[in-house]
Structure formats: structure tokens, C-alpha cells
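Structure file coords-v9.tsv (TSV, C-alpha atoms) follows.
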```
chain	number	residue	atom	x	y	z
S	6	MET	CA	-56.18	96.54	87.52
S	7	ASN	CA	-54.91	96.31	91.04
S	8	ALA	CA	-52.42	93.57	91.64
S	9	LYS	CA	-52.86	91.49	94.76
S	10	PRO	CA	-50.07	91.87	97.27
S	11	GLN	CA	-47.66	89.01	97.03
S	12	SER	CA	-46.58	87.21	100.18
S	13	SER	CA	-42.87	87.44	100.67
S	14	ALA	CA	-42.84	84.43	103.02
S	15	PRO	CA	-40.67	81.64	101.67
S	16	ALA	CA	-42.70	78.55	100.95
S	17	THR	CA	-40.19	75.86	101.88
S	18	ALA	CA	-39.03	74.90	105.36
S	19	SER	CA	-35.42	75.66	104.48
S	20	GLY	CA	-36.44	79.05	103.13
S	21	ARG	CA	-38.29	79.87	106.34
S	22	ALA	CA	-35.35	78.72	108.42
S	23	LEU	CA	-33.01	80.92	106.40
S	24	ARG	CA	-35.36	83.88	106.76
S	25	ASP	CA	-35.67	83.37	110.53
S	26	PHE	CA	-31.90	83.12	110.86
S	27	GLY	CA	-31.51	86.33	108.84
S	28	ARG	CA	-33.99	88.15	111.07
S	29	ALA	CA	-32.33	86.91	114.23
S	30	ALA	CA	-28.87	87.84	112.92
S	31	GLY	CA	-30.16	91.29	111.97
S	32	GLY	CA	-31.54	91.78	115.47
S	33	ALA	CA	-28.33	90.57	117.05
S	34	LEU	CA	-26.37	92.97	114.87
S	35	ILE	CA	-28.52	95.99	115.75
S	36	PHE	CA	-28.37	95.32	119.48
S	37	SER	CA	-24.71	94.38	119.76
S	38	LEU	CA	-23.02	96.58	117.15
S	39	PRO	CA	-22.10	99.42	119.56
S	40	MET	CA	-20.52	96.85	121.87
S	41	LEU	CA	-18.80	94.94	119.07
S	42	MET	CA	-17.03	98.20	118.18
S	43	THR	CA	-16.05	99.10	121.76
S	44	MET	CA	-12.43	98.48	122.72
S	45	GLU	CA	-13.10	97.93	126.43
S	46	LEU	CA	-15.29	94.93	125.63
S	47	TRP	CA	-12.57	93.32	123.51
S	48	GLN	CA	-10.16	93.74	126.43
S	49	LEU	CA	-12.66	92.42	128.96
S	50	GLY	CA	-12.92	89.33	126.79
S	51	PHE	CA	-9.44	88.21	127.80
S	52	TYR	CA	-8.95	89.62	131.29
S	53	LEU	CA	-12.39	89.32	132.84
S	54	ASP	CA	-12.62	86.79	135.67
S	55	ARG	CA	-14.07	83.60	134.16
S	56	VAL	CA	-16.39	83.07	137.13
S	57	ARG	CA	-18.06	86.42	136.44
S	58	LEU	CA	-18.29	85.65	132.73
S	59	LEU	CA	-19.92	82.33	133.59
S	60	VAL	CA	-22.38	84.08	135.93
S	61	LEU	CA	-23.26	86.52	133.11
S	62	VAL	CA	-23.95	83.73	130.61
S	63	LEU	CA	-25.82	81.59	133.17
S	64	ALA	CA	-27.95	84.59	134.18
S	65	ALA	CA	-28.67	85.27	130.52
S	66	LEU	CA	-30.18	81.83	129.94
S	67	PRO	CA	-33.29	82.20	132.16
S	68	MET	CA	-33.56	85.85	131.13
S	69	LEU	CA	-33.68	84.89	127.44
S	70	PHE	CA	-36.13	82.11	128.21
S	71	PHE	CA	-38.54	84.43	130.02
S	72	LEU	CA	-38.03	87.12	127.37
S	73	SER	CA	-39.04	84.58	124.75
S	74	ARG	CA	-42.17	83.79	126.77
S	75	GLN	CA	-42.85	87.49	127.37
S	76	ILE	CA	-42.64	88.58	123.75
S	77	GLY	CA	-44.51	85.52	122.48
S	78	PHE	CA	-48.05	86.27	121.47
S	79	GLU	CA	-49.58	82.94	122.33
S	80	ASP	CA	-50.31	81.49	125.73
S	81	THR	CA	-50.31	78.06	124.15
S	82	ARG	CA	-46.62	78.27	123.25
S	83	SER	CA	-44.74	75.46	124.94
S	84	TRP	CA	-41.84	75.91	127.36
S	85	ARG	CA	-39.71	73.72	125.12
S	86	ASP	CA	-40.16	76.15	122.22
S	87	ASP	CA	-38.97	79.01	124.42
S	88	VAL	CA	-35.93	77.07	125.59
S	89	ILE	CA	-35.04	76.27	121.97
S	90	ASP	CA	-35.61	79.89	120.92
S	91	ALA	CA	-33.35	81.15	123.72
S	92	LEU	CA	-30.57	78.73	122.75
S	93	ILE	CA	-30.92	79.57	119.05
S	94	ALA	CA	-30.74	83.28	119.90
S	95	LEU	CA	-27.50	82.69	121.79
S	96	GLY	CA	-26.11	80.66	118.90
S	97	VAL	CA	-27.03	83.27	116.29
S	98	ALA	CA	-25.52	85.99	118.49
S	99	ALA	CA	-22.31	83.97	118.87
S	100	ILE	CA	-21.99	83.49	115.09
S	101	THR	CA	-22.74	87.17	114.41
S	102	SER	CA	-20.16	88.25	117.01
S	103	LEU	CA	-17.56	85.83	115.66
S	104	VAL	CA	-17.92	87.07	112.08
S	105	LEU	CA	-17.86	90.76	112.98
S	106	LEU	CA	-15.01	90.51	115.48
S	107	ILE	CA	-12.95	88.76	112.79
S	108	LEU	CA	-13.85	91.51	110.31
S	109	PHE	CA	-12.88	94.21	112.82
S	110	GLY	CA	-9.55	92.49	113.47
S	111	ALA	CA	-10.46	91.94	117.12
S	112	LEU	CA	-10.12	88.19	116.57
S	113	GLY	CA	-7.29	86.71	114.60
S	114	PRO	CA	-4.50	84.18	114.44
S	115	GLY	CA	-2.21	83.92	117.43
S	116	MET	CA	-4.99	84.37	119.96
S	117	SER	CA	-5.69	81.69	122.52
S	118	ALA	CA	-8.99	79.80	122.57
S	119	ASP	CA	-9.64	81.34	125.99
S	120	GLU	CA	-9.38	84.86	124.57
S	121	ILE	CA	-11.55	84.09	121.56
S	122	ILE	CA	-14.26	82.42	123.65
S	123	GLY	CA	-14.15	85.23	126.21
S	124	LYS	CA	-14.59	87.94	123.58
S	125	ILE	CA	-17.52	86.14	121.98
S	126	ALA	CA	-19.17	85.18	125.28
S	127	ILE	CA	-19.39	88.82	126.41
S	128	GLN	CA	-20.96	89.92	123.13
S	129	MET	CA	-23.43	87.02	123.03
S	130	VAL	CA	-25.76	88.38	125.69
S	131	PRO	CA	-26.88	91.68	124.11
S	132	GLY	CA	-26.81	90.04	120.68
S	133	ALA	CA	-29.13	87.26	121.87
S	134	ILE	CA	-31.60	89.83	123.25
S	135	GLY	CA	-31.63	91.47	119.82
S	136	ALA	CA	-32.02	88.14	118.04
S	137	LEU	CA	-35.03	87.21	120.17
S	138	LEU	CA	-36.67	90.60	119.79
S	139	ALA	CA	-36.17	90.61	116.03
S	140	LYS	CA	-37.99	87.31	115.85
S	141	GLY	CA	-40.86	88.85	117.81
S	142	GLN	CA	-40.90	92.11	115.86
S	143	PHE	CA	-40.84	90.66	112.37
S	144	ARG	CA	-43.09	87.67	112.83
S	145	ASP	CA	-45.73	87.07	110.19
S	146	THR	CA	-48.84	89.23	110.16
S	147	GLY	CA	-51.04	86.24	110.83
S	148	GLU	CA	-49.20	85.58	114.05
S	149	GLU	CA	-49.45	89.23	115.05
S	150	GLU	CA	-53.18	89.01	114.87
S	151	ALA	CA	-53.20	86.20	117.38
S	152	GLU	CA	-54.72	87.09	120.71
S	153	GLU	CA	-52.35	89.00	122.92
S	154	LYS	CA	-51.84	87.50	126.31
S	155	ASP	CA	-52.45	89.41	129.53
S	156	GLU	CA	-49.35	91.00	130.92
S	157	THR	CA	-48.61	90.74	134.58
S	158	TYR	CA	-46.97	93.15	136.99
S	159	GLY	CA	-44.03	90.76	137.24
S	160	GLY	CA	-43.83	90.69	133.45
S	161	GLU	CA	-43.64	94.48	133.35
S	162	LEU	CA	-40.84	94.55	135.92
S	163	PHE	CA	-39.06	91.80	133.98
S	164	LEU	CA	-39.21	93.82	130.76
S	165	MET	CA	-37.88	96.81	132.71
S	166	ALA	CA	-34.98	94.64	133.86
S	167	VAL	CA	-34.20	93.60	130.26
S	168	GLY	CA	-34.37	97.24	129.09
S	169	ALA	CA	-32.06	98.28	131.94
S	170	LEU	CA	-29.68	95.43	131.19
S	171	PHE	CA	-29.54	96.28	127.52
S	172	LEU	CA	-28.79	100.00	127.91
S	173	GLY	CA	-26.59	99.42	130.95
S	174	PHE	CA	-24.59	96.80	129.05
S	175	ASN	CA	-23.65	99.46	126.51
S	176	MET	CA	-22.17	101.74	129.16
S	177	ALA	CA	-20.97	99.56	132.05
S	178	PRO	CA	-17.68	98.40	130.48
S	179	THR	CA	-16.54	101.91	129.54
S	180	GLU	CA	-13.99	103.86	131.57
S	181	GLU	CA	-16.22	106.88	131.34
S	182	MET	CA	-18.76	105.42	133.79
S	183	MET	CA	-16.14	105.32	136.52
S	184	LEU	CA	-14.59	108.62	135.55
S	185	ILE	CA	-17.96	110.36	135.72
S	186	SER	CA	-18.61	108.92	139.18
S	187	PHE	CA	-15.21	110.18	140.39
S	188	ARG	CA	-15.81	113.65	139.02
S	189	MET	CA	-19.25	113.94	140.58
S	190	SER	CA	-19.95	115.04	144.12
S	191	GLU	CA	-22.70	113.46	146.22
S	192	TRP	CA	-24.83	116.51	145.47
S	193	HIS	CA	-24.52	115.73	141.75
S	194	ALA	CA	-25.51	112.13	142.52
S	195	LEU	CA	-28.59	113.27	144.41
S	196	ALA	CA	-29.60	115.42	141.45
S	197	LEU	CA	-29.02	112.47	139.12
S	198	VAL	CA	-31.25	110.25	141.26
S	199	GLY	CA	-33.98	112.89	141.01
S	200	LEU	CA	-33.51	113.24	137.25
S	201	SER	CA	-33.55	109.46	136.76
S	202	LEU	CA	-36.78	109.12	138.73
S	203	GLY	CA	-38.37	112.11	136.96
S	204	LEU	CA	-37.50	110.86	133.48
S	205	MET	CA	-38.57	107.33	134.34
S	206	HIS	CA	-41.92	108.56	135.55
S	207	GLY	CA	-42.32	110.65	132.42
S	208	PHE	CA	-41.66	107.60	130.27
S	209	VAL	CA	-43.98	105.44	132.37
S	210	PHE	CA	-46.81	107.91	131.86
S	211	ALA	CA	-46.00	108.72	128.23
S	212	VAL	CA	-45.56	105.17	127.08
S	213	GLY	CA	-48.04	103.43	129.37
S	214	PHE	CA	-48.08	99.76	129.99
S	215	ALA	CA	-50.21	97.24	128.25
S	216	GLY	CA	-52.45	94.73	129.94
S	217	GLY	CA	-53.32	94.21	133.57
S	218	SER	CA	-51.19	96.84	135.24
S	219	GLN	CA	-51.62	99.65	132.77
S	220	ILE	CA	-52.00	103.10	134.20
S	221	SER	CA	-55.63	104.12	134.02
S	222	GLN	CA	-57.00	107.63	133.97
S	223	ASP	CA	-58.28	107.06	137.50
S	224	GLU	CA	-54.85	106.31	138.87
S	225	SER	CA	-53.11	109.14	140.63
S	226	MET	CA	-49.62	110.19	139.65
S	227	TRP	CA	-48.35	109.05	143.05
S	228	GLY	CA	-50.02	105.67	142.70
S	229	ALA	CA	-48.19	104.98	139.44
S	230	PHE	CA	-45.00	106.43	140.92
S	231	ILE	CA	-45.08	104.00	143.85
S	232	ARG	CA	-46.26	100.95	141.89
S	233	LEU	CA	-44.13	101.28	138.77
S	234	THR	CA	-41.55	104.05	138.81
S	235	LEU	CA	-39.91	103.29	142.17
S	236	PRO	CA	-39.73	99.51	141.64
S	237	GLY	CA	-38.50	100.18	138.11
S	238	TYR	CA	-35.71	102.38	139.44
S	239	VAL	CA	-34.72	99.75	142.01
S	240	VAL	CA	-34.64	97.18	139.19
S	241	ALA	CA	-32.45	99.54	137.11
S	242	LEU	CA	-30.07	100.10	140.05
S	243	SER	CA	-29.89	96.35	140.71
S	244	MET	CA	-29.04	95.68	137.06
S	245	SER	CA	-26.42	98.44	137.17
S	246	LEU	CA	-24.78	96.98	140.26
S	247	PHE	CA	-24.82	93.50	138.70
S	248	LEU	CA	-23.17	94.79	135.49
S	249	LEU	CA	-20.56	96.79	137.42
S	250	TRP	CA	-19.68	93.65	139.38
S	251	VAL	CA	-19.56	91.47	136.24
S	252	PHE	CA	-17.22	93.93	134.55
S	253	ALA	CA	-15.05	94.18	137.68
S	254	ARG	CA	-15.82	97.87	138.12
S	255	THR	CA	-16.58	97.48	141.81
S	256	ASP	CA	-13.26	95.81	142.67
S	257	GLY	CA	-11.24	97.70	145.25
S	258	LEU	CA	-13.82	100.46	145.60
S	259	SER	CA	-15.17	101.75	148.87
S	260	PHE	CA	-18.90	101.34	149.57
S	261	GLY	CA	-19.50	105.01	148.83
S	262	ASP	CA	-17.76	104.79	145.45
S	263	VAL	CA	-19.78	101.68	144.53
S	264	VAL	CA	-22.98	103.59	145.35
S	265	MET	CA	-21.83	106.54	143.23
S	266	ALA	CA	-20.93	104.33	140.25
S	267	THR	CA	-24.27	102.49	140.57
S	268	VAL	CA	-26.18	105.78	140.54
S	269	VAL	CA	-24.24	106.92	137.46
S	270	LEU	CA	-24.87	103.70	135.54
S	271	GLY	CA	-28.39	103.68	136.98
S	272	PHE	CA	-29.20	106.74	134.87
S	273	PRO	CA	-28.97	105.04	131.44
S	274	SER	CA	-30.32	101.83	132.96
S	275	ALA	CA	-33.35	103.71	134.28
S	276	ILE	CA	-33.99	105.18	130.85
S	277	GLY	CA	-33.62	101.68	129.38
S	278	ALA	CA	-36.03	100.26	131.96
S	279	ALA	CA	-38.66	102.95	131.48
S	280	SER	CA	-38.45	102.91	127.70
S	281	ALA	CA	-38.38	99.11	127.50
S	282	ARG	CA	-41.76	99.24	125.78
S	283	LEU	CA	-40.28	101.42	123.05
S	284	VAL	CA	-36.88	99.79	122.76
S	285	LEU	CA	-38.03	96.20	123.14
Y	3	MET	CA	-50.13	97.74	123.17
Y	4	PRO	CA	-53.88	98.39	123.22
Y	5	ASP	CA	-55.12	101.95	122.67
Y	6	THR	CA	-57.97	101.63	125.10
Y	7	PRO	CA	-56.55	100.87	128.50
Y	8	GLU	CA	-58.61	98.95	130.96
Y	9	GLU	CA	-59.89	101.13	133.74
Y	10	ARG	CA	-58.33	100.01	136.99
Y	11	PRO	CA	-58.61	102.39	139.92
Y	12	ASN	CA	-55.89	102.29	142.55
Y	13	GLU	CA	-57.91	100.31	145.08
Y	14	ASN	CA	-58.27	97.36	142.68
Y	15	ARG	CA	-54.55	96.85	142.32
Y	16	PRO	CA	-53.18	93.63	143.77
Y	17	LEU	CA	-51.59	94.04	147.18
Y	18	ILE	CA	-48.28	92.66	145.92
Y	19	GLU	CA	-47.84	95.71	143.67
Y	20	TRP	CA	-48.13	98.03	146.68
Y	21	ILE	CA	-45.77	95.85	148.71
Y	22	PHE	CA	-43.17	96.04	145.93
Y	23	GLY	CA	-43.76	99.77	145.69
Y	24	ALA	CA	-43.36	100.28	149.45
Y	25	ALA	CA	-40.18	98.16	149.58
Y	26	SER	CA	-38.76	100.13	146.65
Y	27	ALA	CA	-39.67	103.42	148.33
Y	28	ILE	CA	-37.71	102.35	151.41
Y	29	LEU	CA	-34.66	101.41	149.32
Y	30	VAL	CA	-34.68	104.63	147.29
Y	31	THR	CA	-35.17	106.69	150.46
Y	32	ALA	CA	-32.20	104.90	152.03
Y	33	LEU	CA	-30.11	105.66	148.94
Y	34	ILE	CA	-31.05	109.34	149.05
Y	35	ALA	CA	-30.37	109.49	152.81
Y	36	PHE	CA	-26.94	107.90	152.33
Y	37	LEU	CA	-25.97	110.29	149.53
Y	38	ALA	CA	-27.24	113.29	151.52
Y	39	HIS	CA	-25.28	112.15	154.59
Y	40	GLU	CA	-22.11	111.71	152.49
Y	41	ALA	CA	-22.67	115.08	150.83
Y	42	MET	CA	-22.96	116.88	154.16
Y	43	PHE	CA	-20.60	115.03	156.47
Y	44	ALA	CA	-18.09	113.00	154.41
Y	45	GLY	CA	-14.54	114.27	154.31
Y	46	ASN	CA	-12.84	115.64	151.24
Y	47	ILE	CA	-9.24	114.75	151.97
Y	48	PRO	CA	-7.18	115.03	148.77
Y	49	PRO	CA	-5.53	111.89	147.36
Y	50	ASN	CA	-3.00	110.42	149.79
Y	51	LEU	CA	-1.12	107.81	147.77
Y	52	VAL	CA	1.10	105.13	149.26
Y	53	ALA	CA	2.95	102.43	147.30
Y	54	GLN	CA	4.22	99.29	149.01
Y	55	ILE	CA	6.10	96.28	147.68
Y	56	VAL	CA	4.01	93.15	148.23
Y	57	GLU	CA	6.19	90.43	146.76
Y	58	VAL	CA	9.45	90.05	144.87
Y	59	GLU	CA	9.48	86.87	142.83
Y	60	PRO	CA	12.19	85.54	140.49
Y	61	LEU	CA	11.07	84.81	136.92
Y	62	ASP	CA	12.79	83.03	134.04
Y	63	THR	CA	13.49	86.38	132.45
Y	64	GLY	CA	14.16	88.53	135.52
Y	65	THR	CA	12.30	89.54	138.68
Y	66	SER	CA	8.66	90.40	139.24
Y	67	VAL	CA	8.12	93.19	141.76
Y	68	LYS	CA	4.48	93.16	142.82
Y	69	PHE	CA	3.20	96.24	144.59
Y	70	ALA	CA	0.01	97.67	146.08
Y	71	LEU	CA	-0.92	101.29	145.54
Y	72	SER	CA	-3.43	102.60	148.04
Y	73	ASN	CA	-5.21	105.92	148.17
Y	74	ARG	CA	-5.91	106.86	151.79
Y	75	GLY	CA	-7.58	110.11	150.81
Y	76	ASP	CA	-11.27	110.67	150.07
Y	77	GLU	CA	-10.84	111.98	146.54
Y	78	ALA	CA	-9.86	109.96	143.47
Y	79	ALA	CA	-6.58	110.56	141.67
Y	80	SER	CA	-6.01	110.01	137.97
Y	81	ALA	CA	-2.87	109.55	135.88
Y	82	VAL	CA	-0.97	108.24	138.91
Y	83	THR	CA	2.59	107.46	137.87
Y	84	LEU	CA	4.77	105.07	139.86
Y	85	VAL	CA	8.51	105.01	139.30
Y	86	LEU	CA	10.63	102.03	140.28
Y	87	SER	CA	14.31	102.68	140.89
Y	88	VAL	CA	17.03	100.12	141.32
Y	89	PRO	CA	20.36	101.72	142.22
Y	90	GLY	CA	23.32	100.02	140.58
Y	91	THR	CA	24.03	96.79	142.45
Y	92	GLU	CA	24.32	93.48	140.64
Y	93	VAL	CA	22.39	94.91	137.73
Y	94	GLU	CA	22.76	98.33	136.15
Y	95	ALA	CA	20.96	101.25	137.75
Y	96	MET	CA	17.53	101.53	136.16
Y	97	GLN	CA	14.20	103.28	136.34
Y	98	LYS	CA	10.83	101.99	135.18
Y	99	SER	CA	7.41	103.57	135.40
Y	100	ILE	CA	3.79	102.47	135.38
Y	101	GLU	CA	0.75	104.75	135.10
Y	102	PHE	CA	-2.65	103.99	136.64
Y	103	ASP	CA	-5.60	105.62	134.90
Y	104	TYR	CA	-7.18	106.38	138.26
Y	105	VAL	CA	-7.12	105.34	141.89
Y	106	PRO	CA	-10.40	105.99	143.74
Y	107	GLY	CA	-10.47	107.27	147.32
Y	108	HIS	CA	-9.92	104.53	149.93
Y	109	ALA	CA	-9.13	102.05	147.16
Y	110	ILE	CA	-6.19	99.77	146.46
Y	111	ARG	CA	-4.75	98.99	143.05
Y	112	GLN	CA	-2.13	96.34	142.37
Y	113	GLY	CA	0.47	95.87	139.67
Y	114	ALA	CA	3.95	94.54	139.01
Y	115	PHE	CA	7.22	95.79	137.56
Y	116	ILE	CA	9.38	93.33	135.65
Y	117	VAL	CA	13.07	94.04	136.05
Y	118	PRO	CA	15.94	92.12	134.43
Y	119	GLY	CA	18.31	90.11	136.59
Y	120	ASP	CA	18.05	89.05	140.21
Y	121	VAL	CA	16.96	91.96	142.39
Y	122	ALA	CA	16.30	91.91	146.15
Y	123	ALA	CA	13.46	93.86	147.77
Y	124	LYS	CA	15.88	95.95	149.83
Y	125	ASP	CA	17.46	97.31	146.63
Y	126	ILE	CA	14.16	98.55	145.18
Y	127	ALA	CA	12.46	101.90	145.69
Y	128	ILE	CA	9.00	102.75	144.38
Y	129	ASP	CA	8.04	106.42	144.29
Y	130	ILE	CA	4.88	108.18	143.24
Y	131	SER	CA	5.73	110.94	140.83
Y	132	GLY	CA	2.33	112.64	140.90
Y	133	TYR	CA	-1.30	112.58	139.90
Y	134	ALA	CA	-3.98	114.66	138.22
Y	135	GLU	CA	-7.56	115.35	139.26
Y	136	PRO	CA	-9.97	113.09	137.37
```
Any chance you could put this one into C-alpha cells?
Amino acid sequence: MNAKPQSSAPATASGRALRDFGRAAGGALIFSLPMLMTMELWQLGFYLDRVRLLVLVLAALPMLFFLSRQIGFEDTRSWRDDVIDALIALGVAAITSLVLLILFGALGPGMSADEIIGKIAIQMVPGAIGALLAKGQFRDTGEEEAEEKDETYGGELFLMAVGALFLGFNMAPTEEMMLISFRMSEWHALALVGLSLGLMHGFVFAVGFAGGSQISQDESMWGAFIRLTLPGYVVALSMSLFLLWVFARTDGLSFGDVVMATVVLGFPSAIGAASARLVL
Amino acid sequence: MPDTPEERPNENRPLIEWIFGAASAILVTALIAFLAHEAMFAGNIPPNLVAQIVEVEPLDTGTSVKFALSNRGDEAASAVTLVLSVPGTEVEAMQKSIEFDYVPGHAIRQGAFIVPGDVAAKDIAIDISGYAEP
């Protein structure tokens, strides 16, 4: 006799809340773990200019809000729900970061409140992206079967920006980004621009895009290149420049060096942007 | 993601998508043109490092000697070591050193030495002991 599959969904409201928190914390952990174990990010937590840290957190709020709207499956979902989800994601990410940084010894007695808040604030952003995505990925089957909403061109570019931000966030604080840009010549940078665009276009074609702006069989390679790949690369470069500025990597650099560093960070960001459909 | 994409030939795309695409094409072309110009015509002067004292400020525990380290060359220098010397005056003769991980071309880095006692700017010398290629 075949047994009927049992639903694993907790019946009570508190059980559901606990399950949702667990999912969000799991997502935050997956997305922020590489950064939680990176020394440069601990150090940035106490020496990074507070204005830049504030800009990062303030920029994250609308991004998380729109991400919540983007990954939601229902058009009927209210704006208030998305605001609450974005704030909960930030809170879950903050708690996850706090616990792990204490476990790793990166937070401890004798540290000022400014240092502790700074270290957590930096880690909150990627963690919150993970928390939101985990909620979207693991939602109940019944919700998954709900009608998918049409995706817009702006929505696609937004997801590219989140993908670029996520992968760029992993690399931007490291010394290696700057070191690579110093070791490279402009010829290397030109080749890297070509490789970034080529790989992005490969991903765009391989992965495709759902909804209104998906690449159809009728669309020429150049059409998709101009509509999606080039704007995607500009989005990736913009995110890279923003992250380099936030992490004070552009300070004291000449214009040419800023361009070089942006192109270097633009490589992982471009991969993140193009593969946003896979990663996110 | 649906498996059966909607057929949408190029001409049916909204104009805004082509406008974004064209603007992006201009920006990427400008980036490539800039890099190509730098690759062909930019100089490759090796690191030319200069250290200057910016401010000497008394502290409770000694004196802070703030300095600016500039690289007037085109190429970046790494492992740049600065050595501060104070010949024996009111305090004992001493040497202190600071290492910068790297100093990019045409960039300025700042730092400070902390020396014990009361030291005047005229008694201080800051030398660059050397650098390595990144």
C-alpha cells in the first residue's frame, strides 16, 4: 500500500514563523558566509567611512524592496508586505552575522559599539539578499503554482544589478582586486572587457530570460547583444564602481586607475549579472 | 522560467529597450576607446615616490608626524617602506618605519609616525627605502 506523502508544513502560526525564519537564516548564511570569513570585511567594519556605510545600507533598502517584489509570484502582493519582508530579511541577516562573527572571534568583548555595528552593517546587505531569495526559493508548492507575473525589461536589468552586486560584493573589499588592476596593462583590460562581454552574452543566450523580453528564435544575436548584454555590462560596471567607492578603493586613485579597477571588478560583476537567473 | 518562450521579433521590442541598448553601446565604446588610447599613448614612467611631512602635532604620549606619500610615476609600487629618522636632539636618536602595501601611479597615500617626546619638524627626516613591483 502506498503511503500518501505527508506535508512537512508546520500547522501552527508559530511553527510557520519558525520555519520561515530558519529558511531566511539559511539563505543569509549561504550568501554571506564567504564574506563573514573574509578578514578585509572585518577591518572595513571599523575603519570604513560611516557616510559610505550609511549609503550602502540606504541603497540596500529599496533594492531589497524591489527584489521582494521581483521574486514574488503574485501581482496581488501588497507593497506593505514587501517592505516588511525587506526589513525582516535585514533583521535576519543582522542576527545571522552577529552570531557567526561572535563564533569566529571577529566580535568580542572590548570592542566599541561603533566597531560591532560597523562589522554587522557591512555583512547585512548580502545576507539580506540571501534571506529574501531563500524565502522565494523554498516557498510552499501551492504558492509556486500561482500564476507567474510578466517580467519587464526594467525587472531584468534590476535582477542583473542584484546579481552583479552580489558577486561584486564578494570581491570588492579584497586587496587582490586592486593588485590585479595594478599588475594589468591597458591591453589586458581591453581583453578583459571583451571576455566579460563574450561570457555575458553566452550566459544571456544560454540561460534566456523569462517573460516579456525573452530572447526569441527570431531575434538576431546582435539584437540581443544590444538590448541585453550591453546594458547588462553597463549595469555591472556601475555596480562595480559603486562598490569600489563604498569600500574606499577609489580613494586617491587617478581616473585611469579607477577605470582599470572598475573593469577588473566588472568581470565577476558581469558574470553575476548575466547568471542572475541561475544564482538568484 | 517558461520552457516555451514567447515569439517576439526584434521589431516588436519597445523603443525604450533600444534606447537603453544604444546608450550602453556608446558608454562601452567610450570605455574601449579610453583604454585603447591609454594603452597606446599613456606613459610608463616607473614609480617616482616622494614623501613630505604634512603636520607635526604634539600628543599626550609623544608627537604625531603626519606625512603624505605621493607617486609621481605612471606605474604602481608595492611594499613601499618609509623610514623616519630623528637624529639625537632632545630625545634619543631613533628610526621608525612604515610599509605601504602599494601606492598606485599618480596617487597619494597618507599616514603618521608616532614618536616619543617633543620633536620639531626640522629635526625629522623621512626617507623611502625602496619598493617592489606589484
Nearby residues (all atoms listed in the file) at most 12 Å from range 183-191 of chain S, same-chain spacing under 6 positions excluded, as a PyMOL selection string: (chain S and resi 176-177+197-198+249+252-256+258-259+261-272) or (chain Y and resi 33-46+76-81+103-107+134-136)
Contacts of range 66-76 of chain S at 6 Å (all atoms listed in the file; same-chain gap of 5+ positions) as a list in words: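 Near range 66-76 of chain S, the qualifying residues are Asp87, Val88 and Ala91 of chain S.
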Two-atom distance - CA of Phe171 in chain S, CA of Gly277 in chain S (Å): 7.0 Å
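Residue nearest Ser274 in chain S within the list S:Ala169, S:Met182, S:Leu202, S:Ala126: S:Ala169 [criterion: smallest interatomic distance, all atoms listed in the file].
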Y:Lys68, Y:Lys98, Y:Lys124, Y:His108 ranked by distance to chain S, top pick (using all atoms listed in the file): Y:His108
Residues within 8 Å of range 13-24 of chain Y, all atoms listed in the file, excluding chain neighbours under 3 positions, as a ChimeraX atom specification: /S:158,218,231-233,235-236 /Y:10,27-28
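Minimum atom-to-atom distance to chain S, evaluated using all atoms listed in the file, belongs to Y:Asn73 out of Y:Ser131, Y:Thr63, Y:Ser87, Y:Asn73.
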Closest of S:Leu95, S:Ala33, S:Leu172, S:Met226 to chain Y - atom-to-atom distances counting all atoms listed in the file: S:Met226
9 Å contact set for Ile127 in chain S, all atoms listed in the file, chain neighbours under 6 positions out, as a list of chain:residue names: S:Leu46, S:Trp47, S:Leu49, S:Gly50, S:Leu58, S:Leu61, S:Val62
Who sits within 10 Å of Leu84 in chain Y, all atoms listed in the file, same chain under 4 positions skipped, as a ChimeraX atom specification: /Y:53,71,98-102,115,128-133
Please put the answer as JSON: centre and edge lengths, in Å with one decimal, of a box along x, y and z that encloses all listed atoms of range 15-24 of chain S plus 3 Å on each side.
```
{"center_x": -37.9, "center_y": 79.4, "center_z": 104.7, "size_x": 15.7, "size_y": 15.0, "size_z": 13.5}
```
